[in-house]
Each structure stands twice: as structure tokens, then as C-alpha cells.
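Trainee: Pasting a structure below so you can have a look.
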Amino acid sequence: RKLAERGRNNTLWAPWALDLADALADDDPERARTLSAQAVQHAARFGTDTAIGEALRRASALAEGGRALSMLESAVGHLRRSPSRYEYAAALVDHGRRGGQGGRAADRLREGLGLAEECGADGVAKKAREELAAVGL
């Protein structure tokens, strides 16, 4: 609250709302969704593609159905323009994992895997490989 009162909207510098939303997801999903929505709003006010993309990607994990996929699509778009290659790779892999078994989902997984390997994001690369293997690719 104090950060918001001061106009401090940088969710990269103070990602507490997204971290708390993740921690509350199982016990209080409504509060978790509220916190993640606020984080997305703060990121939008801050205005960088990295902040917006990361907030959308992380908030999508708490969203339901088609809303999650839409948020991930938007996150990919923002992070494509961002200097954060790690976040871009994570968004591509998350989008591919949530996007079903179609060709576009596989393309996102492959692109995310390549980028994750380039930037040393071993955990993201592992997720991409596991998902590709699960769909027989």
C-alpha cells in the first residue's frame, strides 16, 4: 500500500504482489487473482515491456481458461520487445505448454527452448523439453 501511495509501480523492483499471489493460490485463489490483477495494473502504469510482460506471464498462472492463454499471448508480445531474454523464453514456454497440442504450441515450445538454451535458463529449457517429449516431439 505504501509503495502504491508513493506512485511506485515497478513490479520488477518490488514483485511482492506476484510472489504473494503465488503463495496464496491454493488457499485463497480469489485474493491471489486480485493481487495478480493489481500487479498487472501497476506494471502497465510503470510502462516497460519487461514489467508488463512478466506480470502478465505470472498472473496467467492464476487465470482461468481462455483468459490465461490471452494473457500469455500478450506477455509474449511485450517480452519480444524486451531486453529480458529469460522472461521472453519463459513466456514462450508457458504459452506453448498452455496452448494445447497444435503446431503453434509446438513452435512456441521450440522457440522458447532455443532461447532458454542461449541465455542459460536451464529450468525453462527443461520444462520445454519435457513438454515437447510429452506431445511426442
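Each chain in the C-alpha cells gets a letter, A, B and so on, in the order shown; residues start at 1 in every chain, and ligands are counted from 1 in the order they appear.
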Excluding same-chain residues fewer than 4 positions from Ala121 of chain A, what lies within 12 Å of it counting only C-alpha atoms, as a PDB file with all heavy atoms, in the first residue's frame?
Mentor:
```
ATOM      1  N   SER A  84      14.851  -8.588 -21.784  1.00  0.00           N
ATOM      2  CA  SER A  84      14.930  -9.749 -20.896  1.00  0.00           C
ATOM      3  C   SER A  84      14.674 -11.038 -21.664  1.00  0.00           C
ATOM      4  O   SER A  84      13.540 -11.454 -21.852  1.00  0.00           O
ATOM      5  CB  SER A  84      13.918  -9.614 -19.745  1.00  0.00           C
ATOM      6  OG  SER A  84      13.997 -10.754 -18.921  1.00  0.00           O
ATOM      7  N   ARG A  85      15.733 -11.679 -22.076  1.00  0.00           N
ATOM      8  CA  ARG A  85      15.621 -12.916 -22.841  1.00  0.00           C
ATOM      9  C   ARG A  85      15.095 -14.064 -21.979  1.00  0.00           C
ATOM     10  O   ARG A  85      14.392 -14.937 -22.468  1.00  0.00           O
ATOM     11  CB  ARG A  85      16.971 -13.312 -23.449  1.00  0.00           C
ATOM     12  CG  ARG A  85      17.576 -12.256 -24.375  1.00  0.00           C
ATOM     13  CD  ARG A  85      16.819 -12.012 -25.674  1.00  0.00           C
ATOM     14  NE  ARG A  85      15.654 -11.170 -25.450  1.00  0.00           N
ATOM     15  CZ  ARG A  85      14.663 -10.974 -26.317  1.00  0.00           C
ATOM     16  NH1 ARG A  85      14.672 -11.552 -27.472  1.00  0.00           N
ATOM     17  NH2 ARG A  85      13.639 -10.198 -26.037  1.00  0.00           N
ATOM     18  N   TYR A  86      15.438 -14.061 -20.698  1.00  0.00           N
ATOM     19  CA  TYR A  86      14.936 -15.101 -19.808  1.00  0.00           C
ATOM     20  C   TYR A  86      13.414 -15.050 -19.748  1.00  0.00           C
ATOM     21  O   TYR A  86      12.733 -16.073 -19.899  1.00  0.00           O
ATOM     22  CB  TYR A  86      15.519 -14.957 -18.395  1.00  0.00           C
ATOM     23  CG  TYR A  86      14.817 -15.858 -17.403  1.00  0.00           C
ATOM     24  CD1 TYR A  86      15.211 -17.180 -17.256  1.00  0.00           C
ATOM     25  CD2 TYR A  86      13.730 -15.400 -16.652  1.00  0.00           C
ATOM     26  CE1 TYR A  86      14.548 -18.029 -16.376  1.00  0.00           C
ATOM     27  CE2 TYR A  86      13.061 -16.244 -15.780  1.00  0.00           C
ATOM     28  CZ  TYR A  86      13.475 -17.555 -15.648  1.00  0.00           C
ATOM     29  OH  TYR A  86      12.812 -18.392 -14.789  1.00  0.00           O
ATOM     30  N   GLU A  87      12.854 -13.882 -19.476  1.00  0.00           N
ATOM     31  CA  GLU A  87      11.400 -13.749 -19.361  1.00  0.00           C
ATOM     32  C   GLU A  87      10.710 -14.074 -20.687  1.00  0.00           C
ATOM     33  O   GLU A  87       9.634 -14.670 -20.694  1.00  0.00           O
ATOM     34  CB  GLU A  87      11.008 -12.344 -18.894  1.00  0.00           C
ATOM     35  CG  GLU A  87      11.210 -12.117 -17.421  1.00  0.00           C
ATOM     36  CD  GLU A  87      10.369 -13.028 -16.538  1.00  0.00           C
ATOM     37  OE1 GLU A  87       9.274 -13.454 -16.948  1.00  0.00           O
ATOM     38  OE2 GLU A  87      10.806 -13.310 -15.416  1.00  0.00           O
ATOM     39  N   TYR A  88      11.332 -13.680 -21.787  1.00  0.00           N
ATOM     40  CA  TYR A  88      10.755 -13.991 -23.096  1.00  0.00           C
ATOM     41  C   TYR A  88      10.717 -15.509 -23.299  1.00  0.00           C
ATOM     42  O   TYR A  88       9.701 -16.068 -23.730  1.00  0.00           O
ATOM     43  CB  TYR A  88      11.548 -13.297 -24.195  1.00  0.00           C
ATOM     44  CG  TYR A  88      11.030 -13.490 -25.589  1.00  0.00           C
ATOM     45  CD1 TYR A  88       9.667 -13.550 -25.872  1.00  0.00           C
ATOM     46  CD2 TYR A  88      11.914 -13.597 -26.647  1.00  0.00           C
ATOM     47  CE1 TYR A  88       9.207 -13.720 -27.173  1.00  0.00           C
ATOM     48  CE2 TYR A  88      11.455 -13.755 -27.948  1.00  0.00           C
ATOM     49  CZ  TYR A  88      10.111 -13.817 -28.205  1.00  0.00           C
ATOM     50  OH  TYR A  88       9.655 -13.980 -29.486  1.00  0.00           O
ATOM     51  N   ALA A  89      11.802 -16.186 -22.977  1.00  0.00           N
ATOM     52  CA  ALA A  89      11.843 -17.649 -23.100  1.00  0.00           C
ATOM     53  C   ALA A  89      10.781 -18.284 -22.204  1.00  0.00           C
ATOM     54  O   ALA A  89      10.063 -19.196 -22.627  1.00  0.00           O
ATOM     55  CB  ALA A  89      13.236 -18.175 -22.734  1.00  0.00           C
ATOM     56  N   ALA A  90      10.660 -17.810 -20.971  1.00  0.00           N
ATOM     57  CA  ALA A  90       9.673 -18.365 -20.041  1.00  0.00           C
ATOM     58  C   ALA A  90       8.255 -18.161 -20.570  1.00  0.00           C
ATOM     59  O   ALA A  90       7.412 -19.062 -20.472  1.00  0.00           O
ATOM     60  CB  ALA A  90       9.829 -17.712 -18.661  1.00  0.00           C
ATOM     61  N   VAL A  93       7.571 -20.612 -23.472  1.00  0.00           N
ATOM     62  CA  VAL A  93       7.371 -21.980 -22.979  1.00  0.00           C
ATOM     63  C   VAL A  93       6.025 -22.090 -22.267  1.00  0.00           C
ATOM     64  O   VAL A  93       5.275 -23.044 -22.505  1.00  0.00           O
ATOM     65  CB  VAL A  93       8.546 -22.422 -22.079  1.00  0.00           C
ATOM     66  CG1 VAL A  93       8.240 -23.745 -21.385  1.00  0.00           C
ATOM     67  CG2 VAL A  93       9.818 -22.538 -22.922  1.00  0.00           C
ATOM     68  N   GLY A 112      11.019 -21.182 -27.478  1.00  0.00           N
ATOM     69  CA  GLY A 112      11.373 -20.951 -26.078  1.00  0.00           C
ATOM     70  C   GLY A 112      12.554 -21.789 -25.636  1.00  0.00           C
ATOM     71  O   GLY A 112      13.430 -21.316 -24.918  1.00  0.00           O
ATOM     72  N   LEU A 113      12.597 -23.042 -26.095  1.00  0.00           N
ATOM     73  CA  LEU A 113      13.718 -23.920 -25.768  1.00  0.00           C
ATOM     74  C   LEU A 113      15.021 -23.353 -26.311  1.00  0.00           C
ATOM     75  O   LEU A 113      16.016 -23.272 -25.590  1.00  0.00           O
ATOM     76  CB  LEU A 113      13.474 -25.328 -26.325  1.00  0.00           C
ATOM     77  CG  LEU A 113      14.627 -26.307 -26.213  1.00  0.00           C
ATOM     78  CD1 LEU A 113      15.048 -26.522 -24.769  1.00  0.00           C
ATOM     79  CD2 LEU A 113      14.254 -27.634 -26.878  1.00  0.00           C
ATOM     80  N   GLY A 114      15.008 -22.951 -27.565  1.00  0.00           N
ATOM     81  CA  GLY A 114      16.227 -22.391 -28.163  1.00  0.00           C
ATOM     82  C   GLY A 114      16.712 -21.157 -27.422  1.00  0.00           C
ATOM     83  O   GLY A 114      17.904 -21.014 -27.133  1.00  0.00           O
ATOM     84  N   LEU A 115      15.806 -20.268 -27.112  1.00  0.00           N
ATOM     85  CA  LEU A 115      16.170 -19.045 -26.406  1.00  0.00           C
ATOM     86  C   LEU A 115      16.634 -19.352 -24.983  1.00  0.00           C
ATOM     87  O   LEU A 115      17.613 -18.763 -24.505  1.00  0.00           O
ATOM     88  CB  LEU A 115      14.969 -18.102 -26.389  1.00  0.00           C
ATOM     89  CG  LEU A 115      15.203 -16.693 -25.898  1.00  0.00           C
ATOM     90  CD1 LEU A 115      16.314 -16.005 -26.667  1.00  0.00           C
ATOM     91  CD2 LEU A 115      13.915 -15.899 -26.022  1.00  0.00           C
ATOM     92  N   ALA A 116      15.960 -20.282 -24.315  1.00  0.00           N
ATOM     93  CA  ALA A 116      16.359 -20.663 -22.957  1.00  0.00           C
ATOM     94  C   ALA A 116      17.774 -21.236 -22.954  1.00  0.00           C
ATOM     95  O   ALA A 116      18.576 -20.924 -22.073  1.00  0.00           O
ATOM     96  CB  ALA A 116      15.370 -21.673 -22.379  1.00  0.00           C
ATOM     97  N   GLU A 117      18.083 -22.061 -23.937  1.00  0.00           N
ATOM     98  CA  GLU A 117      19.442 -22.622 -24.030  1.00  0.00           C
ATOM     99  C   GLU A 117      20.464 -21.520 -24.297  1.00  0.00           C
ATOM    100  O   GLU A 117      21.555 -21.540 -23.723  1.00  0.00           O
ATOM    101  CB  GLU A 117      19.490 -23.688 -25.119  1.00  0.00           C
ATOM    102  CG  GLU A 117      18.748 -24.943 -24.735  1.00  0.00           C
ATOM    103  CD  GLU A 117      18.653 -25.968 -25.854  1.00  0.00           C
ATOM    104  OE1 GLU A 117      18.820 -25.616 -27.041  1.00  0.00           O
ATOM    105  OE2 GLU A 117      18.395 -27.137 -25.540  1.00  0.00           O
ATOM    106  N   ALA A 125      14.417 -24.377 -20.032  1.00  0.00           N
ATOM    107  CA  ALA A 125      14.739 -25.333 -21.093  1.00  0.00           C
ATOM    108  C   ALA A 125      14.242 -26.733 -20.728  1.00  0.00           C
ATOM    109  O   ALA A 125      13.688 -27.440 -21.584  1.00  0.00           O
ATOM    110  CB  ALA A 125      16.247 -25.347 -21.349  1.00  0.00           C
ATOM    111  N   LYS A 126      14.402 -27.108 -19.466  1.00  0.00           N
ATOM    112  CA  LYS A 126      13.940 -28.429 -19.021  1.00  0.00           C
ATOM    113  C   LYS A 126      12.421 -28.557 -19.188  1.00  0.00           C
ATOM    114  O   LYS A 126      11.931 -29.577 -19.673  1.00  0.00           O
ATOM    115  CB  LYS A 126      14.336 -28.659 -17.563  1.00  0.00           C
ATOM    116  CG  LYS A 126      13.909 -30.000 -17.024  1.00  0.00           C
ATOM    117  CD  LYS A 126      14.308 -30.166 -15.564  1.00  0.00           C
ATOM    118  CE  LYS A 126      13.793 -31.497 -15.050  1.00  0.00           C
ATOM    119  NZ  LYS A 126      13.958 -31.635 -13.618  1.00  0.00           N
ATOM    120  N   LYS A 127      11.673 -27.519 -18.789  1.00  0.00           N
ATOM    121  CA  LYS A 127      10.213 -27.536 -18.952  1.00  0.00           C
ATOM    122  C   LYS A 127       9.835 -27.709 -20.420  1.00  0.00           C
ATOM    123  O   LYS A 127       8.924 -28.470 -20.747  1.00  0.00           O
ATOM    124  CB  LYS A 127       9.598 -26.223 -18.456  1.00  0.00           C
ATOM    125  CG  LYS A 127       9.382 -26.120 -17.002  1.00  0.00           C
ATOM    126  CD  LYS A 127       8.579 -24.837 -16.756  1.00  0.00           C
ATOM    127  CE  LYS A 127       8.795 -24.282 -15.402  1.00  0.00           C
ATOM    128  NZ  LYS A 127       8.064 -23.024 -15.205  1.00  0.00           N
ATOM    129  N   ALA A 128      10.522 -26.985 -21.289  1.00  0.00           N
ATOM    130  CA  ALA A 128      10.221 -27.059 -22.725  1.00  0.00           C
ATOM    131  C   ALA A 128      10.501 -28.460 -23.258  1.00  0.00           C
ATOM    132  O   ALA A 128       9.673 -29.020 -23.991  1.00  0.00           O
ATOM    133  CB  ALA A 128      11.038 -26.023 -23.486  1.00  0.00           C
TER     134      ALA A 128
END
```
Trainee: Compile the contact shell of Ala55 of chain A as number ranges by chain: residues with an atom at most 8 Å away, counting only C-alpha atoms, same-chain residues fewer than 2 positions apart removed.
Mentor: A: 11, 18, 36, 39-40, 43, 51-53, 57-59, 75
Trainee: Would you please extract all helix (DSSP H, G or I) residues from segment 44-98 of chain A, as assigned by DSSP on the backbone, and give them as an MDAnalysis selection string?
Mentor: chainID A and resid 44:46 49:60 65:80 85:98
Trainee: Using atom CA of Asp94 of chain A and atom CA of Asp107 of chain A as the two end points, give the distance in Å to one decimal.
Mentor: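 Answer for the atom CA of Asp94 of chain A to atom CA of Asp107 of chain A separation: 12.1 Å.
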Trainee: Quick one: everything within 12 Å of Arg97 of chain A, counting only C-alpha atoms, minus sequence neighbours fewer than 6 positions away in the same chain. Send it as a VMD selection string.
Mentor: chain A and resid 61 68 to 69 72 90 to 91 103 to 110 112 to 113 124 127 to 135
Trainee: Kindly export the residues of the current selection with N, CA, C and O atoms, as a short mmCIF file (atom, residue, chain, number, x, y, z; two decimals), in the first residue's frame.
Mentor:
```
data_model
loop_
_atom_site.label_atom_id
_atom_site.label_comp_id
_atom_site.auth_asym_id
_atom_site.auth_seq_id
_atom_site.Cartn_x
_atom_site.Cartn_y
_atom_site.Cartn_z
N ALA A 61 -0.87 -17.66 -14.68
CA ALA A 61 -0.90 -18.93 -13.95
C ALA A 61 -2.11 -19.01 -13.02
O ALA A 61 -2.53 -20.10 -12.65
N ALA A 68 -6.25 -17.07 -19.53
CA ALA A 68 -4.83 -17.37 -19.29
C ALA A 68 -4.06 -17.36 -20.60
O ALA A 68 -2.98 -16.79 -20.69
N LEU A 69 -4.61 -17.99 -21.61
CA LEU A 69 -3.93 -18.05 -22.90
C LEU A 69 -3.81 -16.66 -23.52
O LEU A 69 -2.77 -16.32 -24.10
N LEU A 72 -1.05 -14.83 -21.80
CA LEU A 72 0.26 -15.32 -22.24
C LEU A 72 0.61 -14.80 -23.63
O LEU A 72 1.76 -14.45 -23.89
N ALA A 90 10.66 -17.81 -20.97
CA ALA A 90 9.67 -18.36 -20.04
C ALA A 90 8.26 -18.16 -20.57
O ALA A 90 7.41 -19.06 -20.47
N ALA A 91 7.98 -17.00 -21.14
CA ALA A 91 6.65 -16.72 -21.69
C ALA A 91 6.35 -17.62 -22.88
O ALA A 91 5.24 -18.14 -23.02
N GLY A 103 0.22 -27.08 -33.75
CA GLY A 103 1.53 -26.71 -34.29
C GLY A 103 2.07 -25.41 -33.71
O GLY A 103 3.26 -25.27 -33.51
N ARG A 104 1.17 -24.46 -33.45
CA ARG A 104 1.63 -23.19 -32.89
C ARG A 104 2.21 -23.39 -31.49
O ARG A 104 3.22 -22.79 -31.14
N ALA A 105 1.58 -24.24 -30.70
CA ALA A 105 2.09 -24.52 -29.35
C ALA A 105 3.48 -25.15 -29.44
O ALA A 105 4.39 -24.77 -28.69
N ALA A 106 3.65 -26.09 -30.35
CA ALA A 106 4.97 -26.73 -30.52
C ALA A 106 6.00 -25.72 -30.99
O ALA A 106 7.16 -25.75 -30.54
N ASP A 107 5.60 -24.82 -31.87
CA ASP A 107 6.52 -23.78 -32.35
C ASP A 107 6.97 -22.89 -31.19
O ASP A 107 8.16 -22.55 -31.09
N ARG A 108 6.04 -22.53 -30.32
CA ARG A 108 6.38 -21.69 -29.16
C ARG A 108 7.34 -22.44 -28.23
O ARG A 108 8.29 -21.87 -27.72
N LEU A 109 7.08 -23.72 -28.03
CA LEU A 109 7.96 -24.52 -27.18
C LEU A 109 9.36 -24.61 -27.76
O LEU A 109 10.35 -24.44 -27.04
N ARG A 110 9.45 -24.85 -29.05
CA ARG A 110 10.77 -24.94 -29.69
C ARG A 110 11.52 -23.61 -29.63
O ARG A 110 12.72 -23.57 -29.34
N GLY A 112 11.02 -21.18 -27.48
CA GLY A 112 11.37 -20.95 -26.08
C GLY A 112 12.55 -21.79 -25.64
O GLY A 112 13.43 -21.32 -24.92
N LEU A 113 12.60 -23.04 -26.10
CA LEU A 113 13.72 -23.92 -25.77
C LEU A 113 15.02 -23.35 -26.31
O LEU A 113 16.02 -23.27 -25.59
N VAL A 124 13.89 -23.41 -17.49
CA VAL A 124 12.92 -23.14 -18.56
C VAL A 124 13.15 -24.13 -19.70
O VAL A 124 12.19 -24.68 -20.26
N LYS A 127 11.67 -27.52 -18.79
CA LYS A 127 10.21 -27.54 -18.95
C LYS A 127 9.83 -27.71 -20.42
O LYS A 127 8.92 -28.47 -20.75
N ALA A 128 10.52 -26.98 -21.29
CA ALA A 128 10.22 -27.06 -22.72
C ALA A 128 10.50 -28.46 -23.26
O ALA A 128 9.67 -29.02 -23.99
N ARG A 129 11.63 -29.03 -22.88
CA ARG A 129 11.97 -30.39 -23.35
C ARG A 129 10.95 -31.41 -22.86
O ARG A 129 10.52 -32.29 -23.61
N GLU A 130 10.57 -31.31 -21.59
CA GLU A 130 9.58 -32.25 -21.04
C GLU A 130 8.24 -32.14 -21.76
O GLU A 130 7.62 -33.15 -22.07
N GLU A 131 7.82 -30.92 -22.03
CA GLU A 131 6.54 -30.74 -22.72
C GLU A 131 6.61 -31.24 -24.15
O GLU A 131 5.67 -31.89 -24.62
N LEU A 132 7.70 -30.97 -24.84
CA LEU A 132 7.87 -31.48 -26.21
C LEU A 132 7.86 -33.00 -26.23
O LEU A 132 7.25 -33.63 -27.10
N ALA A 133 8.54 -33.60 -25.24
CA ALA A 133 8.56 -35.07 -25.17
C ALA A 133 7.17 -35.63 -24.88
O ALA A 133 6.78 -36.67 -25.43
N ALA A 134 6.43 -34.93 -24.03
CA ALA A 134 5.08 -35.39 -23.67
C ALA A 134 4.12 -35.41 -24.86
O ALA A 134 3.21 -36.23 -24.91
N VAL A 135 4.35 -34.52 -25.82
CA VAL A 135 3.49 -34.49 -27.00
C VAL A 135 4.14 -35.22 -28.19
O VAL A 135 3.66 -35.15 -29.31
#
```
Trainee: Name the residues in contact with Pro29 of chain A at a cut-off of 12 Å, using only C-alpha atoms, excluding same-chain residues fewer than 4 positions from it; report them as a VMD selection string.
Mentor: chain A and resid 20 to 25 33 to 36 59 61 to 64
Trainee: Convert the current residue selection to file output with N, CA and C atoms, as a short mmCIF file (atom, residue, chain, number, x, y, z; two decimals), in the first residue's frame.
Mentor:
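File produced: selection16.cif:
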```
data_model
loop_
_atom_site.label_atom_id
_atom_site.label_comp_id
_atom_site.auth_asym_id
_atom_site.auth_seq_id
_atom_site.Cartn_x
_atom_site.Cartn_y
_atom_site.Cartn_z
N LEU A 20 3.31 -12.97 -3.47
CA LEU A 20 2.26 -13.28 -2.51
C LEU A 20 1.10 -14.00 -3.20
N ALA A 21 0.75 -13.58 -4.40
CA ALA A 21 -0.32 -14.25 -5.15
C ALA A 21 0.02 -15.72 -5.38
N ASP A 22 1.27 -15.99 -5.75
CA ASP A 22 1.70 -17.38 -5.93
C ASP A 22 1.55 -18.17 -4.63
N ALA A 23 1.95 -17.55 -3.52
CA ALA A 23 1.89 -18.23 -2.23
C ALA A 23 0.45 -18.49 -1.78
N LEU A 24 -0.47 -17.63 -2.16
CA LEU A 24 -1.87 -17.76 -1.74
C LEU A 24 -2.73 -18.57 -2.70
N ALA A 25 -2.21 -18.92 -3.84
CA ALA A 25 -3.01 -19.51 -4.91
C ALA A 25 -3.86 -20.70 -4.46
N ARG A 33 -5.85 -13.94 -7.26
CA ARG A 33 -6.20 -13.33 -8.54
C ARG A 33 -6.29 -11.80 -8.43
N THR A 34 -6.81 -11.31 -7.32
CA THR A 34 -6.90 -9.87 -7.10
C THR A 34 -5.51 -9.25 -7.05
N LEU A 35 -4.61 -9.88 -6.30
CA LEU A 35 -3.24 -9.37 -6.19
C LEU A 35 -2.53 -9.39 -7.53
N SER A 36 -2.71 -10.45 -8.29
CA SER A 36 -2.02 -10.53 -9.58
C SER A 36 -2.60 -9.51 -10.55
N ALA A 59 0.75 -13.67 -13.82
CA ALA A 59 -0.67 -13.62 -13.49
C ALA A 59 -1.46 -14.66 -14.27
N ALA A 61 -0.87 -17.66 -14.68
CA ALA A 61 -0.90 -18.93 -13.95
C ALA A 61 -2.11 -19.01 -13.02
N LEU A 62 -2.67 -17.87 -12.67
CA LEU A 62 -3.82 -17.82 -11.76
C LEU A 62 -5.13 -17.57 -12.50
N ALA A 63 -5.03 -17.32 -13.79
CA ALA A 63 -6.23 -17.04 -14.59
C ALA A 63 -6.86 -18.34 -15.04
N GLU A 64 -8.10 -18.24 -15.47
CA GLU A 64 -8.83 -19.43 -15.87
C GLU A 64 -9.07 -19.45 -17.38
#
```
